[in-house]
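**Q** Input structure: work03.csv, which contains CSV, C-alpha atoms and all ligand atoms.
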```csv
chain,number,residue,atom,x,y,z
H,158,VAL,CA,17.8,15.1,5.9
H,159,LYS,CA,14.7,14.8,8.0
H,160,TYR,CA,15.0,11.0,8.5
H,161,LYS,CA,18.7,10.8,9.3
H,162,GLY,CA,19.3,8.0,11.8
H,163,LYS,CA,15.9,6.4,11.1
H,164,VAL,CA,15.2,3.0,9.7
H,165,ALA,CA,12.3,2.2,7.5
H,166,ILE,CA,10.9,-1.0,6.0
H,167,ILE,CA,8.8,-0.5,2.8
H,168,THR,CA,7.1,-3.7,1.7
H,169,GLY,CA,6.8,-4.2,-2.0
H,170,SER,CA,9.4,-1.6,-2.9
H,171,SER,CA,11.1,-3.1,-5.9
H,172,ARG,CA,8.9,-1.1,-8.2
H,173,GLY,CA,5.9,1.2,-8.4
H,174,ILE,CA,4.7,3.3,-5.5
H,175,GLY,CA,6.8,1.4,-2.9
H,176,LYS,CA,10.0,2.1,-4.8
H,177,ALA,CA,9.1,5.8,-5.1
H,178,ILE,CA,8.6,6.0,-1.4
H,179,ALA,CA,11.9,4.3,-0.7
H,180,ILE,CA,13.7,6.7,-3.0
H,181,GLN,CA,12.2,9.8,-1.4
H,182,MET,CA,12.9,8.5,2.1
H,183,ALA,CA,16.5,7.7,1.2
H,184,GLN,CA,16.9,11.2,-0.3
H,185,GLN,CA,15.9,12.5,3.2
H,186,GLY,CA,18.6,10.4,4.9
H,187,CYS,CA,16.6,7.4,5.9
H,188,THR,CA,18.1,3.9,6.0
H,189,VAL,CA,15.6,2.0,3.9
H,190,VAL,CA,15.0,-1.7,3.7
H,191,LEU,CA,13.6,-2.7,0.3
H,192,ASN,CA,11.4,-5.8,-0.1
H,193,GLY,CA,9.9,-7.9,-2.9
H,194,ARG,CA,9.9,-11.4,-4.2
H,195,ASN,CA,11.7,-11.1,-7.5
H,196,GLN,CA,15.5,-10.8,-6.8
H,197,GLU,CA,16.4,-9.2,-10.1
H,198,ARG,CA,13.9,-6.4,-9.7
H,199,LEU,CA,15.0,-6.0,-6.1
H,200,ASP,CA,18.6,-5.7,-7.1
H,201,GLN,CA,17.8,-3.0,-9.7
H,202,ALA,CA,15.8,-1.0,-7.2
H,203,LEU,CA,18.5,-1.3,-4.5
H,204,ALA,CA,21.1,0.1,-6.9
H,205,GLU,CA,18.9,3.1,-7.5
H,206,VAL,CA,18.2,3.7,-3.9
H,207,LYS,CA,21.9,3.3,-2.9
H,208,GLN,CA,22.7,6.4,-5.0
H,209,TYR,CA,21.0,8.4,-2.2
H,210,GLN,CA,21.7,6.4,0.9
H,211,ASP,CA,24.4,3.7,0.8
H,212,GLN,CA,23.3,1.9,3.9
H,213,ALA,CA,20.1,0.7,2.2
H,214,ILE,CA,19.6,-3.1,2.0
H,215,SER,CA,17.0,-5.4,0.4
H,216,ILE,CA,15.4,-8.4,2.0
H,217,ARG,CA,13.6,-10.8,-0.4
H,218,CYS,CA,10.5,-12.4,1.1
H,219,ASP,CA,6.8,-12.9,0.5
H,220,VAL,CA,5.0,-10.9,3.2
H,221,GLY,CA,1.9,-13.0,2.6
H,222,ASP,CA,3.7,-15.6,4.6
H,223,SER,CA,3.8,-14.8,8.4
H,224,GLU,CA,7.2,-16.5,9.0
H,225,GLU,CA,8.9,-14.7,6.1
H,226,ALA,CA,7.4,-11.4,7.2
H,227,HIS,CA,8.7,-12.0,10.8
H,228,ARG,CA,12.2,-12.6,9.3
H,229,LEU,CA,11.9,-9.3,7.4
H,230,VAL,CA,11.4,-7.4,10.7
H,231,GLU,CA,14.0,-9.4,12.7
H,232,GLU,CA,16.7,-9.2,10.1
H,233,THR,CA,16.2,-5.4,9.9
H,234,VAL,CA,16.4,-4.9,13.6
H,235,SER,CA,19.4,-7.2,14.1
H,236,ARG,CA,21.2,-5.3,11.3
H,237,PHE,CA,20.4,-1.7,12.3
H,238,GLY,CA,19.3,-2.1,15.9
H,239,ARG,CA,16.0,-0.2,15.5
H,240,LEU,CA,12.9,0.2,13.4
H,241,ASP,CA,11.2,3.6,13.1
H,242,ILE,CA,8.8,3.2,10.1
H,243,LEU,CA,7.0,0.3,8.6
H,244,ILE,CA,5.1,1.1,5.3
H,245,ASN,CA,2.7,-1.7,4.4
H,246,ASN,CA,2.6,-1.1,0.6
H,247,VAL,CA,2.3,-4.6,-0.9
H,248,GLY,CA,-1.0,-5.1,-2.7
H,249,VAL,CA,-2.6,-6.7,-5.7
H,250,SER,CA,-6.1,-6.2,-7.1
H,251,ASN,CA,-8.6,-8.5,-8.8
H,252,ARG,CA,-10.7,-8.2,-11.9
H,253,GLY,CA,-14.1,-9.7,-12.8
H,254,LYS,CA,-17.6,-9.8,-11.6
H,255,PHE,CA,-18.2,-11.3,-8.2
H,256,ALA,CA,-20.5,-14.1,-9.6
H,257,ASP,CA,-17.7,-15.2,-11.9
H,258,THR,CA,-15.0,-15.1,-9.3
H,259,HIS,CA,-13.5,-18.3,-7.9
H,260,PRO,CA,-13.7,-18.0,-4.1
H,261,ASP,CA,-9.9,-18.7,-3.9
H,262,VAL,CA,-9.3,-15.3,-5.6
H,263,PHE,CA,-10.5,-13.7,-2.4
H,264,ARG,CA,-8.0,-15.8,-0.4
H,265,LYS,CA,-5.1,-14.7,-2.7
H,266,VAL,CA,-6.1,-11.1,-2.6
H,267,PHE,CA,-6.5,-11.2,1.2
H,268,ASP,CA,-3.1,-13.0,1.6
H,269,THR,CA,-1.4,-10.2,-0.2
H,270,ASN,CA,-3.3,-7.0,0.9
H,271,LEU,CA,-4.5,-7.9,4.4
H,272,PHE,CA,-2.2,-10.6,5.7
H,273,GLY,CA,0.6,-9.0,3.8
H,274,SER,CA,0.1,-6.0,6.0
H,275,VAL,CA,-0.7,-7.8,9.3
H,276,ASN,CA,2.2,-10.3,9.0
H,277,PRO,CA,5.0,-7.7,9.3
H,278,THR,CA,3.1,-5.3,11.5
H,279,VAL,CA,2.6,-7.7,14.5
H,280,PRO,CA,6.4,-8.4,14.9
H,281,ALA,CA,7.2,-4.7,14.2
H,282,MET,CA,4.9,-3.4,17.1
H,283,PRO,CA,7.5,-3.6,20.0
H,284,HIS,CA,10.1,-1.9,17.8
H,285,ILE,CA,7.8,0.8,16.6
H,286,ARG,CA,6.7,1.4,20.3
H,287,GLU,CA,10.3,1.8,21.3
H,288,SER,CA,11.0,4.3,18.6
H,289,LYS,CA,7.6,6.0,18.9
H,290,GLY,CA,7.6,5.6,15.1
H,291,SER,CA,5.1,5.1,12.3
H,292,ILE,CA,3.1,2.3,10.8
H,293,VAL,CA,1.5,3.2,7.5
H,294,PHE,CA,-1.1,1.2,5.5
H,295,ILE,CA,-1.4,1.9,1.8
H,296,SER,CA,-5.0,1.5,0.9
H,297,SER,CA,-7.0,2.6,-2.2
H,298,LEU,CA,-10.1,4.5,-3.1
H,299,ALA,CA,-11.4,0.9,-3.5
H,300,GLY,CA,-11.1,0.7,0.3
H,301,ILE,CA,-13.8,3.4,0.8
H,302,ARG,CA,-16.7,1.5,-0.8
H,303,GLY,CA,-17.4,-1.7,-2.8
H,304,LEU,CA,-16.8,-1.1,-6.5
H,305,PRO,CA,-17.8,-3.2,-9.6
H,306,GLU,CA,-15.5,-6.0,-10.6
H,307,LEU,CA,-13.2,-5.3,-7.7
H,308,SER,CA,-15.0,-7.1,-4.8
H,309,ALA,CA,-12.0,-9.0,-3.4
H,310,TYR,CA,-9.7,-6.0,-3.6
H,311,CYS,CA,-12.3,-3.6,-2.0
H,312,SER,CA,-13.0,-6.0,0.9
H,313,ALA,CA,-9.3,-6.6,1.6
H,314,LYS,CA,-8.5,-2.8,1.5
H,315,MET,CA,-11.5,-2.0,3.7
H,316,GLY,CA,-10.1,-4.5,6.2
H,317,LEU,CA,-7.0,-2.4,6.5
H,318,ARG,CA,-9.1,0.5,7.9
H,319,ALA,CA,-10.4,-1.7,10.7
H,320,VAL,CA,-6.8,-2.9,11.5
H,321,ALA,CA,-5.5,0.7,11.6
H,322,GLU,CA,-8.4,1.9,13.8
H,323,SER,CA,-8.0,-0.9,16.3
H,324,ILE,CA,-4.3,-0.4,16.6
H,325,ARG,CA,-4.7,3.4,17.1
H,326,ILE,CA,-7.1,2.8,20.1
H,327,GLU,CA,-5.0,0.0,21.6
H,328,GLU,CA,-1.8,2.0,21.3
H,329,VAL,CA,-3.0,5.4,22.3
H,330,LYS,CA,-0.6,5.5,25.2
H,331,SER,CA,2.4,4.4,23.3
H,332,ASN,CA,2.5,7.5,21.1
H,333,ILE,CA,3.0,5.7,17.9
H,334,HIS,CA,1.7,7.1,14.6
H,335,VAL,CA,-0.7,4.9,12.5
H,336,GLY,CA,-1.5,6.3,9.0
H,337,LEU,CA,-3.9,5.1,6.3
H,338,ILE,CA,-3.5,6.3,2.8
H,339,TYR,CA,-6.4,6.1,0.3
H,340,VAL,CA,-4.5,6.2,-3.0
H,341,GLY,CA,-6.3,7.1,-6.2
H,342,ARG,CA,-5.7,5.9,-9.7
H,343,THR,CA,-2.0,6.3,-10.3
H,344,GLU,CA,0.4,5.7,-13.2
H,345,ILE,CA,1.7,2.1,-13.2
H,346,GLU,CA,4.8,0.4,-14.4
H,347,PRO,CA,4.7,-1.9,-17.4
H,348,ASN,CA,3.6,-5.5,-16.7
H,349,LYS,CA,1.7,-4.7,-13.4
H,350,GLU,CA,-0.5,-7.7,-12.7
H,351,ALA,CA,-3.9,-8.3,-11.3
H,352,ILE,CA,-5.7,-11.5,-10.4
H,353,ALA,CA,-8.5,-12.5,-12.9
H,354,ALA,CA,-11.8,-14.2,-11.9
H,355,ASP,CA,-10.4,-17.7,-12.6
H,356,GLY,CA,-7.3,-17.0,-10.4
H,357,SER,CA,-4.8,-16.5,-13.3
H,358,LEU,CA,-2.7,-13.4,-13.5
H,359,VAL,CA,-3.5,-10.7,-16.1
H,360,ILE,CA,-1.3,-7.8,-17.2
H,361,LEU,CA,-3.0,-4.4,-16.8
H,362,LYS,CA,-3.4,-2.0,-19.7
H,363,GLU,CA,-0.9,0.8,-19.7
H,364,ARG,CA,-2.3,4.2,-18.5
H,365,HIS,CA,-0.2,6.6,-20.6
H,366,ALA,CA,-3.2,8.2,-22.2
H,367,GLU,CA,-4.6,9.3,-18.9
H,368,LYS,CA,-3.3,12.3,-16.9
H,369,LEU,CA,-2.6,10.6,-13.6
H,370,PRO,CA,-0.6,11.3,-10.5
H,371,SER,CA,2.9,9.7,-10.7
H,372,THR,CA,4.3,7.3,-8.2
H,373,GLY,CA,6.5,10.1,-6.9
H,374,ASP,CA,3.4,12.3,-6.3
H,375,VAL,CA,1.9,9.5,-4.2
H,376,ALA,CA,5.2,9.0,-2.3
H,377,ARG,CA,5.3,12.8,-1.4
H,378,SER,CA,1.8,12.5,0.1
H,379,VAL,CA,2.9,9.4,2.1
H,380,LEU,CA,5.9,11.3,3.5
H,381,LYS,CA,3.7,14.2,4.4
H,382,ASN,CA,1.3,11.9,6.3
H,383,ILE,CA,4.3,10.6,8.3
H,384,ASP,CA,5.7,14.0,9.0
H,385,ARG,CA,2.4,15.3,10.2
H,386,ARG,CA,1.5,12.1,12.0
H,387,LYS,CA,-1.9,12.2,10.4
H,388,PHE,CA,-4.4,9.3,10.4
H,389,ILE,CA,-6.1,9.4,7.1
H,390,THR,CA,-4.8,10.9,3.9
H,391,THR,CA,-7.1,10.7,0.8
H,392,LEU,CA,-5.5,11.4,-2.6
H,393,THR,CA,-7.0,12.9,-5.7
H,394,THR,CA,-10.0,15.2,-6.1
H,395,ILE,CA,-12.3,12.3,-7.0
H,396,GLY,CA,-11.0,10.5,-3.9
H,397,LYS,CA,-11.7,13.5,-1.6
H,398,ILE,CA,-15.3,13.8,-3.0
H,399,GLN,CA,-15.9,10.1,-2.6
H,400,ALA,CA,-14.6,10.1,1.0
H,401,PHE,CA,-16.8,13.0,1.8
H,402,LEU,CA,-20.0,11.7,0.2
H,403,GLN,CA,-19.7,8.0,1.0
H,404,PRO,CA,-20.7,8.2,4.8
H,405,ARG,CA,-23.3,10.9,4.2
H,406,PHE,CA,-24.9,9.9,0.9
H,407,PRO,CA,-23.9,6.3,0.0
H,408,TRP,CA,-26.9,6.0,-2.3
H,409,LEU,CA,-25.7,8.9,-4.4
H,410,ILE,CA,-22.3,7.4,-4.9
H,411,GLU,CA,-23.9,4.1,-5.7
H,412,ARG,CA,-26.0,5.7,-8.4
H,413,ILE,CA,-23.0,7.5,-9.9
H,414,VAL,CA,-21.0,4.3,-10.0
H,415,ILE,CA,-23.9,2.4,-11.6
H,416,ARG,CA,-24.2,5.0,-14.3
H,417,ALA,CA,-20.4,5.1,-14.9
H,418,SER,CA,-19.9,1.3,-14.4
H,419,LYS,CA,-19.2,0.5,-18.1
H,420,ARG,CA,-16.6,3.2,-18.3
H,421,PHE,CA,-15.2,2.3,-15.0
H,422,THR,CA,-14.7,-1.4,-15.7
H,423,ALA,CA,-13.3,-0.6,-19.2
H,424,ALA,CA,-10.7,1.7,-17.6
H,425,ASN,CA,-9.7,-1.0,-15.2
H,426,GLU,CA,-8.9,-3.7,-17.9
A,501,LIG,N1,-1.2,2.0,-8.9
A,501,LIG,C1,-2.4,2.4,-8.6
A,501,LIG,O1,-3.1,2.9,-9.4
A,501,LIG,C2,-2.9,2.2,-7.2
A,501,LIG,C3,-4.1,2.8,-6.8
A,501,LIG,C4,-4.6,2.6,-5.5
A,501,LIG,C5,-3.8,1.9,-4.6
A,501,LIG,N2,-2.7,1.3,-4.9
A,501,LIG,C6,-1.9,0.5,-3.9
A,501,LIG,O2,-0.6,0.9,-3.9
A,501,LIG,C7,0.3,-0.2,-3.5
A,501,LIG,C8,1.4,-0.3,-4.6
A,501,LIG,O3,0.8,-0.4,-5.9
A,501,LIG,P1,1.7,-0.4,-7.2
A,501,LIG,O4,0.8,0.0,-8.3
A,501,LIG,O5,3.0,0.3,-7.0
A,501,LIG,O6,2.0,-2.0,-7.3
A,501,LIG,P2,3.1,-2.8,-8.3
A,501,LIG,O7,3.7,-1.9,-9.3
A,501,LIG,O8,2.4,-4.1,-8.7
A,501,LIG,O9,4.2,-3.2,-7.2
A,501,LIG,C9,4.0,-4.1,-6.2
A,501,LIG,C10,5.3,-4.3,-5.4
A,501,LIG,O10,5.1,-5.2,-4.4
A,501,LIG,C11,5.9,-6.4,-4.5
A,501,LIG,N3,5.1,-7.5,-4.0
A,501,LIG,C12,3.9,-8.0,-4.5
A,501,LIG,N4,3.4,-9.0,-3.8
A,501,LIG,C13,4.4,-9.2,-2.8
A,501,LIG,C14,4.5,-10.1,-1.7
A,501,LIG,N5,3.5,-11.0,-1.4
A,501,LIG,N6,5.6,-10.0,-0.9
A,501,LIG,C15,6.5,-9.1,-1.1
A,501,LIG,N7,6.5,-8.2,-2.1
A,501,LIG,C16,5.4,-8.3,-3.0
A,501,LIG,C17,6.2,-6.4,-6.0
A,501,LIG,O11,7.4,-7.1,-6.3
A,501,LIG,P3,7.4,-8.7,-6.6
A,501,LIG,O12,6.3,-9.0,-7.6
A,501,LIG,O13,8.8,-9.0,-7.2
A,501,LIG,O14,7.2,-9.4,-5.3
A,501,LIG,C18,6.4,-4.9,-6.3
A,501,LIG,O15,7.6,-4.4,-5.8
A,501,LIG,C19,-0.7,-1.4,-3.5
A,501,LIG,O16,-1.1,-1.7,-2.2
A,501,LIG,C20,-1.9,-1.0,-4.3
A,501,LIG,O17,-3.0,-1.7,-3.9
A,501,LIG,C21,-2.2,1.4,-6.2
```
Represent the structure from my file as structure tokens, please.
Ligand SMILES: NC(=O)c1ccc[n+]([C@@H]2O[C@H](COP(=O)([O-])OP(=O)(O)OC[C@H]3O[C@@H](n4cnc5c(N)ncnc54)[C@H](OP(=O)(O)O)[C@@H]3O)[C@@H](O)[C@H]2O)c1
**A**
Amino acid sequence: VKYKGKVAIITGSSRGIGKAIAIQMAQQGCTVVLNGRNQERLDQALAEVKQYQDQAISIRCDVGDSEEAHRLVEETVSRFGRLDILINNVGVSNRGKFADTHPDVFRKVFDTNLFGSVNPTVPAMPHIRESKGSIVFISSLAGIRGLPELSAYCSAKMGLRAVAESIRIEEVKSNIHVGLIYVGRTEIEPNKEAIAADGSLVILKERHAEKLPSTGDVARSVLKNIDRRKFITTLTTIGKIQAFLQPRFPWLIERIVIRASKRFTAANE
């Protein structure tokens, strides 16, 4: 029970990777605060998490809205008196070529991925400083370089790196941990959505045929990042190769992606 007495907010934890992180933290004794917009999904996830830690609660809010995200942090602290860990997990990706993309798609994707992380992090800072705790940003391999038909998602996830780097320098004396996780392609829950070029929501194809890491695998790596107070954790072999090559031989990665782009975009449908 490594996290006994600690309090964690995991944004977007009513399903997928966020829920897996919440379950594993609860199993280690952490008091977790679940978050999402859909009440029914949130209730189901809370019932699951409570099997391991009965103090868990859920707070329904849209972290893309700064006032709602502020309430998420304040309600947590007034209920439990502290905040040790904030995991900014909420995210949504886009689909479609840049030239076909309505500019508002960028706004929606940034609202969720970038503002959805900034909005709870700003009010959490004083509490995380007090507990000398952790702030973790869940990024993607799409945050390492621009990829085809994912321009909005790649830009928003890249922005998370800048936010994390700035905080680390500003807070060097406060002894807080800031982590950034580059998550690779992972199994998804049915009905996971993305934003199409015209702004409508599309349901992603299921990925059963592929041999992918599970949400539990990703959650284990996130917990390891927190335990070791590491900055960057890059998941999957492809991810590690990409992260190594990108700053050294960006032209090589570009060529590989151009060659594989048909396969790449088909897999992302
Ligand atoms: N799955 C992958 O292959 C993969 C790969 C790389 C990176 N990632 C990253 O990992 C993170 C989680 O992905 P996932 O696949 O687990 O996603 P998911 O299955 O779509 O789950 C997203 C969760 O966030 C909640 N959510 C979405 N927008 C929200 C908002 N504005 N405010 C509050 N809650 C919100 C959703 O619940 P409601 O809809 O009810 O709000 C749900 O609980 C994301 O940041 C994603 O970019 C995933």
**Q** Would you mind listing the residues within 6 Å of ligand LIG 501 (chain A), counting all atoms listed in the file, as an MDAnalysis selection string?
**A** chainID H and resid 168:175 192:195 218:221 246:249 269 295:297 340:346 349
**Q** Restricting the output to C-alpha atoms, write the selected residues as a tab-separated table (two decimals), keeping the file's coordinate frame.
**A**
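Writing done, so here's part05.tsv:
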```tsv
chain	number	residue	atom	x	y	z
H	168	THR	CA	7.10	-3.70	1.70
H	169	GLY	CA	6.80	-4.20	-2.00
H	170	SER	CA	9.40	-1.60	-2.90
H	171	SER	CA	11.10	-3.10	-5.90
H	172	ARG	CA	8.90	-1.10	-8.20
H	173	GLY	CA	5.90	1.20	-8.40
H	174	ILE	CA	4.70	3.30	-5.50
H	175	GLY	CA	6.80	1.40	-2.90
H	192	ASN	CA	11.40	-5.80	-0.10
H	193	GLY	CA	9.90	-7.90	-2.90
H	194	ARG	CA	9.90	-11.40	-4.20
H	195	ASN	CA	11.70	-11.10	-7.50
H	218	CYS	CA	10.50	-12.40	1.10
H	219	ASP	CA	6.80	-12.90	0.50
H	220	VAL	CA	5.00	-10.90	3.20
H	221	GLY	CA	1.90	-13.00	2.60
H	246	ASN	CA	2.60	-1.10	0.60
H	247	VAL	CA	2.30	-4.60	-0.90
H	248	GLY	CA	-1.00	-5.10	-2.70
H	249	VAL	CA	-2.60	-6.70	-5.70
H	269	THR	CA	-1.40	-10.20	-0.20
H	295	ILE	CA	-1.40	1.90	1.80
H	296	SER	CA	-5.00	1.50	0.90
H	297	SER	CA	-7.00	2.60	-2.20
H	340	VAL	CA	-4.50	6.20	-3.00
H	341	GLY	CA	-6.30	7.10	-6.20
H	342	ARG	CA	-5.70	5.90	-9.70
H	343	THR	CA	-2.00	6.30	-10.30
H	344	GLU	CA	0.40	5.70	-13.20
H	345	ILE	CA	1.70	2.10	-13.20
H	346	GLU	CA	4.80	0.40	-14.40
H	349	LYS	CA	1.70	-4.70	-13.40
```
**Q** What is the atom CA of Gln210 of chain H to atom CA of Lys176 of chain H distance in Å?
**A**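 Distance between the two atoms: 13.7 Å.
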**Q** Do you know which residues lie at most 7 Å from (-13.3, 1.5, 2.1), with coordinates as in the file and all atoms listed in the file counted, and could you write them as a list of chain:residue names?
**A**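 Residues with an atom close enough to that point: H:Leu298, H:Ala299, H:Gly300, H:Ile301, H:Arg302, H:Cys311, H:Lys314, H:Met315.
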**Q** Excluding same-chain residues fewer than 3 positions from Gly356 of chain H, what lies within 10 Å of it counting all atoms listed in the file, as a PyMOL selection string?
**A** chain H and resi 251-252+258-263+265-266+351-353+359
**Q** Suppose we keep C-alpha atoms; can you now write the selection as a CSV table (one decimal), in the coordinates of the input?
**A**
```csv
chain,number,residue,atom,x,y,z
H,251,ASN,CA,-8.6,-8.5,-8.8
H,252,ARG,CA,-10.7,-8.2,-11.9
H,258,THR,CA,-15.0,-15.1,-9.3
H,259,HIS,CA,-13.5,-18.3,-7.9
H,260,PRO,CA,-13.7,-18.0,-4.1
H,261,ASP,CA,-9.9,-18.7,-3.9
H,262,VAL,CA,-9.3,-15.3,-5.6
H,263,PHE,CA,-10.5,-13.7,-2.4
H,265,LYS,CA,-5.1,-14.7,-2.7
H,266,VAL,CA,-6.1,-11.1,-2.6
H,351,ALA,CA,-3.9,-8.3,-11.3
H,352,ILE,CA,-5.7,-11.5,-10.4
H,353,ALA,CA,-8.5,-12.5,-12.9
H,359,VAL,CA,-3.5,-10.7,-16.1
```
**Q** Got a sec to check which residues sit within 10 Å of (14.2, 3.3, 11.6), counting all atoms listed in the file, and write them as a VMD selection string?
**A** chain H and resid 160 to 166 187 to 190 233 to 234 237 to 243 284 to 285 288 290 to 291
**Q** What is the atom CA of Ile338 of chain H-atom CA of Thr390 of chain H distance in Å, reported with one decimal?
**A**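 Rounded to one decimal, the two atoms are 4.9 Å apart.
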**Q** Using all atoms listed in the file, determine which residues lie at most 7 Å from segment 387-389 of chain H, disregarding the query and same-chain residues fewer than 5 positions distant; provide the list as a list in words.
**A** Val335, Gly336, Leu337, Ile338 and Asn382 of chain H
**Q** Distance atom CA of Arg228 of chain H-atom CA of Arg286 of chain H, one decimal place?
**A**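 Atom CA of Arg286 of chain H lies 18.6 Å from atom CA of Arg228 of chain H.
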**Q** Which residues of segment 240-316 of chain H come within 8 Å of segment 410-422 of chain H, and for each one, what is the closest pair of atoms and their distance in Å to one decimal, counting all atoms listed in the file, sorted by chain and residue number, as CSV?
**A**
```
residue,atom,partner,partner_atom,distance
H:Leu304,CA,H:Val414,CA,7.7
H:Pro305,CA,H:Ser418,CA,6.9
H:Glu306,CA,H:Thr422,CA,6.9
```
**Q** Would you please work out which residue, of H:Pro370, H:Pro277, H:Pro283, H:Gly253, is nearest to Leu392 of chain H when using all atoms listed in the file?
**A**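 Checking each candidate against Leu392 of chain H, we get H:Pro370 as the closest.
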**Q** Taking only C-alpha atoms into account, name the residue in H:Asn270, H:Ile180, H:Ser308, H:Asn425 that is nearest to Ile360 of chain H.
**A**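 Closest to Ile360 of chain H of all the choices is H:Asn425.
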**Q** Please report, as lines of an AutoDock Vina configuration file, the centre and edge lengths in Å to one decimal of an axis-aligned box covering all listed atoms of segment 198-217 of chain H with 3 Å per side.
**A**
```
center_x = 19.0
center_y = -1.2
center_z = -2.9
size_x = 16.8
size_y = 25.2
size_z = 19.6
```
**Q** Given only C-alpha atoms as the basis, pick out the residue of H:Gln181, H:Asn245, H:Ser312, H:Ser215 nearest to Leu199 of chain H.
**A** H:Ser215
**Q** Which residue, H:Lys397, H:Glu197, H:Ile292, H:Val320, has the smallest gap to Leu380 of chain H when you use all atoms listed in the file?
**A** H:Ile292
**Q** Between H:Arg405, H:Arg198, H:His227, H:Lys207, which has the minimum distance to Pro280 of chain H (counting only C-alpha atoms)?
**A**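 For Pro280 of chain H, the nearest of the candidates is H:His227.
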**Q** Could you check which of H:Ala424, H:Leu271, H:Glu322, H:Glu231 is closest to Glu367 of chain H, using only C-alpha atoms?
**A**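 With only C-alpha atoms as the atom set, the closest residue is H:Ala424.
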